[in-house]
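Everything below concerns the one structure shown next.
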Amino acid sequence: MGDYRQYQPIPTEDLPAKFAGIFHMLALTFTPANDHTIITTITGHNLELICQGGGENDRRKKEPVVAAGYQKAIWELREGHLRYCPSQDRLWRRDPDMTDHEGERLILNSWHPVKTIEDEYHIGGNARSSDRNPLYSATILREAKRSQWFDQVERGVRCDPCVWVRRSGKVVCLQNEPDIAVTQTFTPVGMGYQALKDAERILRWLTVDEKSYANLCRMFVTPWLEPFKQLSYVLSGHGGDGKTLIARQALLGVLGVGKVFPGFSVQGYCAGGGYTLGRESMNDEMDGKAFAIDDEACAVTEDMLPLLRALSTGSQVNARVTGGRYRVMTPSATLLILTNMQFADSGENSDVRRFVKVEFHQSKGRSYDQYHAIEGFCHRHPAAFFVLSCRLWELSDEPEIVNLSPARNISDEMYWLISEIESNEERYGVQVASRNDYRKEFHTAVPQSLMDVLGLGNSKTKALPGGQCRVVRVVDQNRFEVYRKSALDNETEPADTWWQTALSKPSRDSLLPLEDVGDCHDLAGIVESALDGHVGFAPCEGKARKSGGPVDGKVSLSWKRLNQSDDSHVDASFITGQMSRYAVVPLGDCFVIDCDKPSEDGGPDGWQCLQALTGDYGTDKLPATLVTKTPHGVHLYYRMPAGMDIGLLKNAVHEQNLPIDLRVSNKGYVLGPGSVIDGKRYELADLPAGVVPEASEAIMRMLKDYGYTSEPKPDAPQMNLDDVMADRRATSNSNGMPDMTPVPEGQRNSTLHAWAYGRLKNHPENERQIHDDLLKRGRDSGLADAELDQIWKSIKRSLS
């Protein structure tokens with residue numbers, strides 16, 4: 001504790017009368033805490049509050065002279081647990097020791113931002129509580145700024161024994177400085193030279209080039225090391241390429257929701273209207289956070305940029321929540337916009353520098369195991385990406401300029417300029433296009449905004465026929481090259497084969513409904529028979545829509561309660577002929593492939609995609625089965641192949657933007673044939689000869705390739721990152737011996753299938769030994785030889 005005998009607060013007119021008395025008189029006590037007049041401190045000791053009333057001749061009840069939270073904040077200010085950060089004009093509070101250990105609480109040198117004194121110290125139930133007194137919070141902030149009395153927090157990053165802070169305008173690394181308090185502290189668990197090399201390898205593997213790698217690396221510690229609030233990040237890609245993996249595992253998984261706001265929405269934030277509760281509540285959620293993430297951002301247009309620009313530079317904004325009052329806050333969060341869509345490619349220099357862009361490498365040709373290994377790396381080495389980022393900030397404050405190739409559709413005007421420049425370079429050796437010819441073509445001058453986008457400038461030349469003429473010339477080769485490749489190279493690139501194949505397949509309109517099949521009761525019986533009883537049923541009670549309007553009739557509120565398992569469910573007799581709609585719940589080893597309408601205009605629908613990715617309907621690759629033609633798509637019912645656990649499948653929606661959903665045993669439902677919603681009927685379009693067939697190898701491969709499976713990997717051996725990136729799987733935990741431990745009941749089939757499948761795929765020369773090991777481990781796990789034989793046959797089919 002410091003010597004505060006001479007301390008006096010700044011004598012302003014709004015200084016609460018009791019502040020100085022509380023500051024000097026607060027003291028620890030050995031009396032147990034009662035949460036009223038004696039509270040527990042951050043160090044685990046008991047603090048006696050300054051109270052009034054309760055004396056021998058005072059009939060008043062003993063009460064704190066001011067809310068306990070204010071007194072606790074004053075105590076922590078005095079003891080150095082509440083400090084001011086000058087560069088952010090914000091209070092920071094020491095993190096409490098929450099771990100389970102003997103002895104006194106540890107005093108940690110890690111800190112978190114304080115949104116408001118009232119929220120941080122739980123003062124009053126709401127913004128209008130009489131316990132709240134803004135004079136106290138204003139005084140605490142004002143006093144904390146007095147560095148002659150109170151220690152302060154620097155913007156910086158700590159990962160012992162190193163701490164990165166700014167000195168003389170440059171990021172430097174200091175070592176063995178335990179007393180410096182900085183705004184972000186990481187555990188050194190798993191750190192080392194090899195961890196940094198692996199982190200660098202991962203980031204290079206995820207991105208398309210050196211510039212995108214550098215920008216992605218710079219992103220991690222931007223909130224704490226950028227010289228002033230300026231930078232936002234655009235992570236652009238193609239779906240399934242690791243953007244969300246980085247945001248969820250490397251950022252949210254390491255920093256936690258206390259420092260990351262994962263619910264930011266560009267579309268919601270930039271919606272029309274000067275003042276909207278949605279925007280203001282997002283401002284409130286972002287207050288004090290290090291990052292704000294939109295991991296499914298819409299197309300960002302130029303009219304959205306002003307609002308995003310204001311957040312990026314920390315312009316003051318209004319914040320409030322429902323039932324709360326307006327308050328003015330300064331944004332601190334670094335924006336992360338993750339998108340597979342266009343991002344406005346503004347030519348303004350401020351936007352070029354402010355929106356730091358990263359282009360991710362396509363996932364095509366890369367395996368799930370490689371991305372899964374990166375997730376494991378984040379857990380084992382939580383600080384590695386951040387320390388690597390700190391080292392980059394030591395070298396430079398300047399991000400790289402990256403022009404995103406999918407940043408903008410190529411307009412007719414852009415295409416004309418690009419192709420004209422390409423032609424003139426080929427014929428005359430100059431990268432120019434005639435301004436007069438452009439005017440003849442489009443009846444207007446070349447807009448300056450278009451020149452900025454393409455990296456062009458006004459010029460004159462005599463290189464073209466006809467003497468000197470006015471032209472536009474390429475002045476930014478890097479920017480122009482991105483658009484040149486996008487406009488011209490695609491002409492010679494082959495179209496995506498399966499996509500074109502899908503468009504050539506019959507659409508759902510080619511399916512003709514069966515006639516004379518009866519009402520909902522009759523059709524439910526047909527479904528039950530086709531699924532051999534492994535199915536449940538429920539009513540669709542409907543639910544009011546949040547946006548108002550008619551009730552959503554597709555909603556079943558009781559499907560889960562009525563159908564708890566394959567042994568406890570409702571049968572088809574529950575569905576009567578008077579019902580207009582009902583839910584079908586697949587159970588046992590059954591699941592439903594729900595083919596939806598196209599993901600984008602002009603694209604193939606889910607039924608076409610399914611046939612292109614597996615095979616024509618009615619062949620052994622896409623066997624004929626129970627089919628329902630829905631108002632917008634198709635439902636196909638299948639059973640899991642023998643020996644494979646239904647738990648491998650996820651209840652999924654539009655994985656990798658494929659217009660196909662999956663409804664898995666006891667995890668979801670679909671509307672049954674005969675149901676009518678908004679006047680549109682679900683028609684029965686086909687029936688199997690007996691029960692619905694097993695899904696083919698082609699179907700299972702498609703589901704795995706597009707992310708509809710989640711194969712568990714219990715007790716997976718640790719893999720070197722070099723092996724992971726080369727897609728080489730480890731086969732043993734120790735001494736080169738495979739894992740032969742028995743598998744617990746409930747996950748035996750799936751675990752043994754994944755275990756033997758991985759070994760056989762990578763070591764086909766060892767087939768006999770792998771088969772023998774499967775039999776031994778399976779028997780030790782309690783499975784019969786017949787089940788193990790089915791697992792082996794399934795593995796062989798998958799690898800044939």
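Following the order of the structure tokens, chains are lettered A, B, ..., residues in each are numbered from 1, and ligands are numbered from 1.
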Inset, instruction - From a DSSP pass on the backbone, collect the residues of range 85-208 of chain A flagged as helix (DSSP H, G or I) and hand them back as an MDAnalysis selection string. - result: chainID A and resid 117:120 134:144 193:206
Keeping only N, CA and C atoms, write the selected residues to a file as a tab-separated table (two decimals), in the first residue's frame.
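Saved as selection-v8.tsv:
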chain	number	residue	atom	x	y	z
A	117	ILE	N	-17.94	1.82	-14.30
A	117	ILE	CA	-17.76	1.43	-12.90
A	117	ILE	C	-19.01	0.69	-12.40
A	118	GLU	N	-20.18	1.19	-12.80
A	118	GLU	CA	-21.43	0.60	-12.32
A	118	GLU	C	-21.60	-0.84	-12.80
A	119	ASP	N	-21.29	-1.10	-14.07
A	119	ASP	CA	-21.42	-2.46	-14.59
A	119	ASP	C	-20.34	-3.37	-14.02
A	120	GLU	N	-19.12	-2.86	-13.93
A	120	GLU	CA	-18.01	-3.69	-13.47
A	120	GLU	C	-18.19	-4.13	-12.02
A	134	PRO	N	-23.35	8.90	-10.57
A	134	PRO	CA	-22.29	9.12	-11.56
A	134	PRO	C	-21.16	10.02	-11.05
A	135	LEU	N	-21.39	10.77	-9.99
A	135	LEU	CA	-20.32	11.61	-9.45
A	135	LEU	C	-19.16	10.76	-8.93
A	136	TYR	N	-19.49	9.58	-8.38
A	136	TYR	CA	-18.42	8.72	-7.87
A	136	TYR	C	-17.61	8.12	-9.01
A	137	SER	N	-18.27	7.61	-10.04
A	137	SER	CA	-17.52	7.02	-11.15
A	137	SER	C	-16.68	8.08	-11.85
A	138	ALA	N	-17.21	9.30	-12.01
A	138	ALA	CA	-16.45	10.38	-12.63
A	138	ALA	C	-15.23	10.74	-11.78
A	139	THR	N	-15.41	10.75	-10.46
A	139	THR	CA	-14.30	11.08	-9.56
A	139	THR	C	-13.22	10.01	-9.60
A	140	ILE	N	-13.63	8.74	-9.60
A	140	ILE	CA	-12.65	7.65	-9.63
A	140	ILE	C	-11.82	7.73	-10.91
A	141	LEU	N	-12.48	7.98	-12.06
A	141	LEU	CA	-11.76	8.11	-13.31
A	141	LEU	C	-10.81	9.31	-13.27
A	142	ARG	N	-11.30	10.42	-12.77
A	142	ARG	CA	-10.47	11.62	-12.72
A	142	ARG	C	-9.24	11.42	-11.83
A	143	GLU	N	-9.45	10.79	-10.67
A	143	GLU	CA	-8.33	10.57	-9.74
A	143	GLU	C	-7.33	9.55	-10.28
A	144	ALA	N	-7.85	8.51	-11.00
A	144	ALA	CA	-6.95	7.49	-11.53
A	144	ALA	C	-5.97	8.05	-12.55
A	193	TYR	N	10.51	-21.69	-29.61
A	193	TYR	CA	10.93	-21.36	-30.97
A	193	TYR	C	10.15	-22.18	-32.00
A	194	GLN	N	9.97	-23.49	-31.71
A	194	GLN	CA	9.26	-24.33	-32.67
A	194	GLN	C	7.81	-23.93	-32.82
A	195	ALA	N	7.17	-23.51	-31.71
A	195	ALA	CA	5.78	-23.07	-31.77
A	195	ALA	C	5.64	-21.86	-32.69
A	196	LEU	N	6.60	-20.95	-32.64
A	196	LEU	CA	6.55	-19.77	-33.52
A	196	LEU	C	6.76	-20.16	-34.98
A	197	LYS	N	7.67	-21.10	-35.23
A	197	LYS	CA	7.87	-21.55	-36.60
A	197	LYS	C	6.62	-22.23	-37.14
A	198	ASP	N	5.96	-23.02	-36.30
A	198	ASP	CA	4.73	-23.69	-36.73
A	198	ASP	C	3.61	-22.69	-36.97
A	199	ALA	N	3.52	-21.66	-36.10
A	199	ALA	CA	2.49	-20.63	-36.28
A	199	ALA	C	2.70	-19.90	-37.61
A	200	GLU	N	3.96	-19.60	-37.92
A	200	GLU	CA	4.25	-18.93	-39.19
A	200	GLU	C	3.87	-19.83	-40.37
A	201	ARG	N	4.17	-21.12	-40.27
A	201	ARG	CA	3.85	-22.05	-41.35
A	201	ARG	C	2.34	-22.14	-41.56
A	202	ILE	N	1.60	-22.16	-40.48
A	202	ILE	CA	0.13	-22.24	-40.59
A	202	ILE	C	-0.42	-21.02	-41.31
A	203	LEU	N	0.01	-19.83	-40.90
A	203	LEU	CA	-0.53	-18.60	-41.50
A	203	LEU	C	-0.16	-18.50	-42.97
A	204	ARG	N	1.03	-18.95	-43.33
A	204	ARG	CA	1.40	-18.94	-44.75
A	204	ARG	C	0.57	-19.95	-45.53
A	205	TRP	N	0.28	-21.08	-44.92
A	205	TRP	CA	-0.51	-22.12	-45.57
A	205	TRP	C	-1.95	-21.67	-45.79
A	206	LEU	N	-2.47	-20.85	-44.89
A	206	LEU	CA	-3.86	-20.39	-44.99
A	206	LEU	C	-4.06	-19.29	-46.02
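Per DSSP on the backbone, strand (DSSP E or B) in range 245-295 of chain A comprises Val260, Phe261, Phe291, Ala292, Ile293 and Asp294 of chain A.
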For the residues selected in the previous step, produce a file with C-alpha atoms as a short mmCIF file (atom, residue, chain, number, x, y, z; two decimals), in the first residue's frame.
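The result, written out as selection-v2.cif:
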data_model
loop_
_atom_site.label_atom_id
_atom_site.label_comp_id
_atom_site.auth_asym_id
_atom_site.auth_seq_id
_atom_site.Cartn_x
_atom_site.Cartn_y
_atom_site.Cartn_z
CA VAL A 260 -14.16 -10.68 -28.32
CA PHE A 261 -17.65 -9.78 -29.59
CA PHE A 291 -12.15 -7.64 -31.46
CA ALA A 292 -15.60 -7.54 -33.07
CA ILE A 293 -16.21 -10.31 -35.61
CA ASP A 294 -18.73 -10.78 -38.41
#
Identify, on the basis of only C-alpha atoms, every residue whose closest approach to Val321 in chain A does not exceed 10 Å; exclude the query and any residue fewer than 2 positions from it along the same chain; express the result as a compact mmCIF listing (two decimals) with C-alpha atoms, in the first residue's frame.
# COMPACT_ATOMS: atom_id res chain seq x y z
CA ALA A 127 -29.44 2.27 -15.32
CA LEU A 277 -31.39 0.03 -31.28
CA GLY A 278 -29.63 -2.76 -33.15
CA ARG A 279 -26.67 -0.54 -33.96
CA GLU A 280 -26.55 1.00 -30.51
CA SER A 281 -26.75 -2.36 -28.75
CA MET A 282 -23.83 -3.58 -30.89
CA ASN A 283 -21.91 -0.48 -29.84
CA ASP A 284 -22.63 -1.40 -26.22
CA GLU A 285 -21.48 -5.00 -26.75
CA ALA A 319 -24.57 3.05 -27.10
CA GLY A 323 -34.34 -0.38 -21.04
CA GLY A 324 -31.06 1.49 -20.68
CA ARG A 325 -30.05 5.06 -21.28
CA TYR A 326 -27.99 6.49 -24.08
CA ARG A 327 -24.32 6.91 -23.34
Inset, instruction - Kindly indicate which residue among A:Lys364, A:Arg435, A:Arg777, A:Lys560 lies nearest to Ile421 in chain A, using only C-alpha atoms for the distances. - result: A:Arg435
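Using only C-alpha atoms, the contacts of Lys621 in chain A at a cut-off of 9 Å, with sequence neighbours closer than 3 positions omitted, comprise Gln611, Thr614, Gly615, Asp616, Tyr617, Gly618, Ala695, Ser696, Glu697, Ala698 and Ile699 of chain A.
Using only C-alpha atoms, the nearest neighbour of Leu662 in chain A within the list A:Tyr483, A:Phe186, A:Tyr706, A:Tyr415 is A:Tyr706.
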Inset, instruction - Compile the contact shell of Lys211 in chain A as a PyMOL selection string: residues with an atom at most 12 Å away, counting only C-alpha atoms, same-chain residues fewer than 2 positions apart removed. - result: chain A and resi 203-204+207-209+213-218+356-360+398-404+478
Inset, instruction - Name all residues at most 9 Å from Tyr84 in chain A (count only C-alpha atoms; drop same-chain ones fewer than 6 positions away) and give them as a VMD selection string. - result: chain A and resid 90 to 93 141 144 to 147 150 to 154
